[in-house]
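S.K.: Just coords-v5.cif, nothing more (mmCIF, C-alpha atoms and all ligand atoms):
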```cif
data_query
#
loop_
_atom_site.group_PDB
_atom_site.id
_atom_site.type_symbol
_atom_site.label_atom_id
_atom_site.label_comp_id
_atom_site.auth_asym_id
_atom_site.auth_seq_id
_atom_site.Cartn_x
_atom_site.Cartn_y
_atom_site.Cartn_z
ATOM 1 C CA MET A 806 -13.101 -13.903 0.196
ATOM 2 C CA SER A 807 -9.968 -12.646 1.944
ATOM 3 C CA ALA A 808 -8.090 -14.882 4.412
ATOM 4 C CA VAL A 809 -7.616 -11.785 6.607
ATOM 5 C CA PRO A 810 -10.644 -11.110 8.878
ATOM 6 C CA ALA A 811 -12.795 -8.106 7.927
ATOM 7 C CA ALA A 812 -12.247 -6.489 11.349
ATOM 8 C CA THR A 813 -8.466 -6.679 10.829
ATOM 9 C CA LEU A 814 -8.764 -5.026 7.419
ATOM 10 C CA GLU A 815 -10.950 -2.293 8.931
ATOM 11 C CA HIS A 816 -8.319 -1.642 11.620
ATOM 12 C CA LEU A 817 -5.597 -1.614 8.962
ATOM 13 C CA LEU A 818 -7.525 0.973 6.934
ATOM 14 C CA ALA A 819 -7.670 3.226 10.011
ATOM 15 C CA GLU A 820 -3.881 2.873 10.289
ATOM 16 C CA ALA A 821 -3.560 3.853 6.611
ATOM 17 C CA VAL A 822 -5.576 7.019 7.323
ATOM 18 C CA THR A 823 -3.068 7.921 10.052
ATOM 19 C CA ALA A 824 -0.190 7.211 7.658
ATOM 20 C CA SER A 825 -1.750 9.436 4.978
ATOM 21 C CA GLN A 826 -1.655 12.350 7.423
ATOM 22 C CA ARG A 827 2.160 12.154 7.376
ATOM 23 C CA ALA A 828 2.473 12.371 3.585
ATOM 24 C CA TYR A 829 5.006 14.834 2.190
ATOM 25 C CA CYS A 830 3.232 15.917 -0.987
ATOM 26 C CA PRO A 831 3.730 19.657 -1.629
ATOM 27 C CA HIS A 832 3.874 19.098 -5.401
ATOM 28 C CA SER A 833 0.696 17.092 -5.938
ATOM 29 C CA ASP A 834 -1.276 17.874 -2.778
ATOM 30 C CA PHE A 835 -2.381 14.219 -3.024
ATOM 31 C CA PRO A 836 -1.649 12.452 0.259
ATOM 32 C CA VAL A 837 -1.566 8.650 0.356
ATOM 33 C CA GLY A 838 -1.067 6.355 3.333
ATOM 34 C CA ALA A 839 -0.310 2.645 3.512
ATOM 35 C CA ALA A 840 -0.399 0.234 6.438
ATOM 36 C CA LEU A 841 1.319 -3.115 6.105
ATOM 37 C CA LEU A 842 0.357 -6.092 8.284
ATOM 38 C CA THR A 843 3.131 -8.510 9.188
ATOM 39 C CA ALA A 844 2.678 -12.226 9.886
ATOM 40 C CA GLU A 845 3.243 -11.439 13.601
ATOM 41 C CA GLY A 846 0.426 -8.860 13.612
ATOM 42 C CA ALA A 847 2.628 -5.745 13.629
ATOM 43 C CA VAL A 848 1.732 -2.753 11.451
ATOM 44 C CA VAL A 849 4.265 -0.737 9.421
ATOM 45 C CA HIS A 850 3.215 2.644 8.007
ATOM 46 C CA GLY A 851 4.210 4.288 4.740
ATOM 47 C CA CYS A 852 3.301 7.575 3.078
ATOM 48 C CA ASN A 853 4.166 9.200 -0.222
ATOM 49 C CA VAL A 854 7.313 11.311 -0.085
ATOM 50 C CA GLU A 855 7.669 13.693 -3.015
ATOM 51 C CA ASN A 856 10.565 15.611 -4.514
ATOM 52 C CA ILE A 857 10.864 18.721 -6.671
ATOM 53 C CA SER A 858 12.471 16.377 -9.201
ATOM 54 C CA TYR A 859 9.128 14.621 -9.544
ATOM 55 C CA GLY A 860 10.392 11.239 -10.712
ATOM 56 C CA LEU A 861 12.174 10.747 -7.383
ATOM 57 C CA THR A 862 8.857 10.552 -5.540
ATOM 58 C CA ASN A 863 8.176 7.410 -3.528
ATOM 59 C CA CYS A 864 4.617 6.120 -3.310
ATOM 60 C CA ALA A 865 3.094 5.242 0.065
ATOM 61 C CA GLU A 866 2.944 1.534 -0.765
ATOM 62 C CA ARG A 867 6.644 1.280 -1.587
ATOM 63 C CA SER A 868 7.536 3.458 1.412
ATOM 64 C CA ALA A 869 5.784 0.962 3.715
ATOM 65 C CA LEU A 870 7.362 -2.087 2.099
ATOM 66 C CA PHE A 871 10.864 -0.605 2.029
ATOM 67 C CA ALA A 872 10.532 0.541 5.662
ATOM 68 C CA ALA A 873 9.453 -2.950 6.731
ATOM 69 C CA VAL A 874 12.320 -4.688 4.953
ATOM 70 C CA SER A 875 14.738 -2.060 6.317
ATOM 71 C CA GLN A 876 13.518 -2.865 9.831
ATOM 72 C CA GLY A 877 14.545 -6.476 9.324
ATOM 73 C CA LEU A 878 11.075 -7.888 8.614
ATOM 74 C CA LEU A 879 11.039 -10.800 6.216
ATOM 75 C CA PRO A 880 10.052 -10.138 2.594
ATOM 76 C CA ARG A 881 6.957 -12.171 1.584
ATOM 77 C CA SER A 882 5.785 -12.427 5.207
ATOM 78 C CA PHE A 883 3.372 -9.493 4.852
ATOM 79 C CA THR A 884 -0.220 -10.698 4.813
ATOM 80 C CA ALA A 885 -2.145 -7.513 4.022
ATOM 81 C CA MET A 886 -1.791 -3.872 3.047
ATOM 82 C CA ALA A 887 -4.366 -1.104 3.435
ATOM 83 C CA ILE A 888 -4.072 1.985 1.233
ATOM 84 C CA HIS A 889 -5.937 5.253 1.796
ATOM 85 C CA ALA A 890 -6.068 8.464 -0.252
ATOM 86 C CA PRO A 891 -8.520 11.193 0.813
ATOM 87 C CA GLY A 892 -8.248 12.995 -2.540
ATOM 88 C CA VAL A 893 -10.183 10.426 -4.595
ATOM 89 C CA PRO A 894 -13.349 8.423 -3.939
ATOM 90 C CA LEU A 895 -11.307 5.177 -3.928
ATOM 91 C CA ILE A 896 -7.527 4.775 -4.434
ATOM 92 C CA SER A 897 -6.027 2.096 -6.663
ATOM 93 C CA PRO A 898 -2.275 1.340 -6.480
ATOM 94 C CA CYS A 899 -0.103 2.443 -9.406
ATOM 95 C CA GLY A 900 1.492 -0.041 -11.795
ATOM 96 C CA ALA A 901 5.001 0.348 -10.379
ATOM 97 C CA CYS A 902 3.772 -0.400 -6.854
ATOM 98 C CA ARG A 903 1.840 -3.439 -8.091
ATOM 99 C CA GLN A 904 5.096 -4.960 -9.347
ATOM 100 C CA VAL A 905 6.801 -4.293 -5.991
ATOM 101 C CA LEU A 906 3.804 -5.576 -4.006
ATOM 102 C CA LEU A 907 3.882 -8.804 -5.991
ATOM 103 C CA GLU A 908 7.498 -9.494 -5.082
ATOM 104 C CA LEU A 909 7.514 -8.434 -1.419
ATOM 105 C CA MET A 910 4.053 -9.381 -0.085
ATOM 106 C CA ALA A 911 3.062 -12.929 0.885
ATOM 107 C CA PRO A 912 1.770 -14.752 -2.229
ATOM 108 C CA ASP A 913 -1.796 -14.893 -0.827
ATOM 109 C CA ALA A 914 -1.778 -11.328 0.562
ATOM 110 C CA THR A 915 -4.836 -9.076 0.589
ATOM 111 C CA ILE A 916 -4.777 -5.455 -0.575
ATOM 112 C CA VAL A 917 -7.620 -3.228 0.650
ATOM 113 C CA CYS A 918 -8.205 0.369 -0.432
ATOM 114 C CA SER A 919 -10.307 3.348 0.600
ATOM 115 C CA GLY A 920 -10.706 7.004 -0.262
ATOM 116 C CA SER A 921 -12.947 9.959 0.432
ATOM 117 C CA GLU A 922 -16.239 8.074 0.129
ATOM 118 C CA PRO A 923 -17.242 6.924 3.608
ATOM 119 C CA GLY A 924 -17.606 3.151 3.867
ATOM 120 C CA ARG A 925 -16.462 2.470 0.313
ATOM 121 C CA THR A 926 -13.612 -0.038 0.085
ATOM 122 C CA ARG A 927 -12.212 -2.434 -2.486
ATOM 123 C CA THR A 928 -10.225 -5.582 -1.842
ATOM 124 C CA TRP A 929 -7.848 -7.293 -4.261
ATOM 125 C CA THR A 930 -5.560 -10.295 -4.413
ATOM 126 C CA LEU A 931 -2.099 -9.786 -5.914
ATOM 127 C CA ALA A 932 -3.066 -11.824 -8.980
ATOM 128 C CA GLU A 933 -6.045 -9.535 -9.549
ATOM 129 C CA LEU A 934 -3.824 -6.462 -9.244
ATOM 130 C CA LEU A 935 -1.200 -7.649 -11.719
ATOM 131 C CA PRO A 936 -2.358 -10.491 -13.945
ATOM 132 C CA GLY A 937 0.287 -12.014 -16.188
ATOM 133 C CA ALA A 938 3.048 -10.398 -14.154
ATOM 134 C CA PHE A 939 6.769 -10.653 -14.815
ATOM 135 C CA GLU A 940 8.075 -12.760 -11.934
ATOM 136 C CA ASP A 941 11.193 -14.811 -11.456
ATOM 137 C CA PHE A 942 11.509 -15.470 -7.726
HETATM 138 N N1 LIG B 1 0.788 7.897 -5.074
HETATM 139 C C1 LIG B 1 0.936 6.962 -4.095
HETATM 140 O O1 LIG B 1 1.593 7.218 -3.071
HETATM 141 N N2 LIG B 1 0.334 5.757 -4.261
HETATM 142 C C2 LIG B 1 -0.457 5.422 -5.312
HETATM 143 O O2 LIG B 1 -0.958 4.308 -5.378
HETATM 144 C C3 LIG B 1 -0.720 6.398 -6.366
HETATM 145 C C4 LIG B 1 0.067 7.651 -6.307
HETATM 146 C C5 LIG B 1 1.376 9.226 -4.868
HETATM 147 C C6 LIG B 1 2.530 9.572 -5.750
HETATM 148 C C7 LIG B 1 2.459 11.086 -5.736
HETATM 149 O O3 LIG B 1 3.124 11.561 -4.590
HETATM 150 C C8 LIG B 1 0.992 11.389 -5.602
HETATM 151 O O4 LIG B 1 0.388 10.208 -5.111
HETATM 152 C C9 LIG B 1 0.307 11.815 -6.884
HETATM 153 O O5 LIG B 1 0.509 10.906 -7.892
#
```
Would you mind writing the file's structure down as structure tokens?
Ligand code: THU
M.R.:
Amino acid sequence: MSAVPAATLEHLLAEAVTASQRAYCPHSDFPVGAALLTAEGAVVHGCNVENISYGLTNCAERSALFAAVSQGLLPRSFTAMAIHAPGVPLISPCGACRQVLLELMAPDATIVCSGSEPGRTRTWTLAELLPGAFEDF
């Protein structure tokens, strides 16, 4: 059971839908949006930003986290992130983003995901997303 109320997660998922509409993804045509909830209740958006040199692409999750830290928000003060991708029934964050989420989210943060299937969501803890992680912080 998540410490973040279900209504808050639902609102955050709607914010992730908005963020996904700003994705720059001409190479994959696979938009992703992320909405990060801060301890103060603010929401920071992120979307995937691709590049013709494909490896330079930034995922939506990392875009949101890097934007938040760049705005002066405190690392590890983020209590939840919603992720939405309309191109799959249900999105699941990539391995690289899981490592970054683990370091920058609050230790007890909730990650909630949705996709093209109406009403279908999945919620994870960080430990569930990256068991046995490399961490030294
Ligand atoms: N992508 C994300 O933004 N987040 C994920 O969790 C998975 C993948 C992006 C990267 C790339 O722009 C596109 O989706 C296809 O992989």
S.K.: I'd like the interatomic distance between atom CA of Thr928 of chain A and atom CA of Thr813 of chain A, to a tenth of an Å.
M.R.: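 Separation of atom CA of Thr928 of chain A and atom CA of Thr813 of chain A: 12.8 Å.
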S.K.: Give the residues close to ligand LIG 1 (chain B), within 6 Å, counting all atoms listed in the file; write them as a list in words.
M.R.: Cys830, Ser833, Phe835, Val837, Asn853, Glu855, Thr862, Cys864, Ala865, Ser897, Pro898 and Cys899 of chain A
S.K.: Sorted by chain and rising residue number, which residues of segment 839-882 of chain A lie within 9 Å of segment 902-919 of chain A, and what are their closest atom pairs and distances in Å to one decimal, counting all atoms listed in the file, as a tab-separated table?
M.R.:
```
residue	atom	partner	partner_atom	distance
A:Cys864	CA	A:Cys902	CA	7.5
A:Ala865	CA	A:Cys902	CA	9.0
A:Glu866	CA	A:Cys902	CA	6.4
A:Arg867	CA	A:Cys902	CA	6.2
A:Leu870	CA	A:Leu909	CA	7.3
A:Val874	CA	A:Leu909	CA	8.8
A:Leu879	CA	A:Leu909	CA	8.7
A:Pro880	CA	A:Leu909	CA	5.0
A:Arg881	CA	A:Ala911	CA	4.0
A:Ser882	CA	A:Ala911	CA	5.1
```
S.K.: Quick one, how far is atom CA of Ala887 of chain A from atom CA of Thr926 of chain A?
M.R.: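 A separation of 9.9 Å between them.
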S.K.: Provide the atom CA of Leu818 of chain A to atom CA of Ala840 of chain A distance in Å, to one decimal place.
M.R.: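 Calculated distance between atom CA of Leu818 of chain A and atom CA of Ala840 of chain A is 7.2 Å.
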S.K.: Kindly indicate which residue among A:Leu841, A:Ala812, A:Val854, A:Ala847 lies nearest to Ala869 of chain A, using all atoms listed in the file for the distances.
M.R.: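 Selected residue with least distance to Ala869 of chain A: A:Leu841.
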S.K.: Measuring between all atoms listed in the file, which one of A:Phe871, A:Glu933, A:Ala890, A:Pro923 shows the shortest distance to Arg827 of chain A?
M.R.: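 Counting all atoms listed in the file, the residue closest to Arg827 of chain A is A:Ala890.
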S.K.: Nearest to Ala844 of chain A among A:His816, A:Phe883, A:Leu861, A:Pro831, with distances taken over all atoms listed in the file: which residue is it?
M.R.: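 Between A:His816, A:Phe883, A:Leu861, A:Pro831, the residue approaching Ala844 of chain A most closely is A:Phe883.
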S.K.: With all atoms listed in the file as the counted atoms, please give the residues lying no more than 7 Å from Val822 of chain A, apart from itself and same-chain residues fewer than 4 positions off, as a PyMOL selection string.
M.R.: chain A and resi 818+826+838+889
S.K.: For C-alpha atoms, I'd like the residues from the last selection saved as a PDB file, in the coordinates of the input.
M.R.:
```
ATOM      1  CA  LEU A 818      -7.525   0.973   6.934  1.00  0.00           C
ATOM      2  CA  GLN A 826      -1.655  12.350   7.423  1.00  0.00           C
ATOM      3  CA  GLY A 838      -1.067   6.355   3.333  1.00  0.00           C
ATOM      4  CA  HIS A 889      -5.937   5.253   1.796  1.00  0.00           C
TER       5      HIS A 889
END
```
S.K.: Looking at A:Cys852, A:Glu922, A:Gln876, A:Gly860, which one is nearest to Leu895 of chain A, with distances taken over all atoms listed in the file?
M.R.: A:Glu922
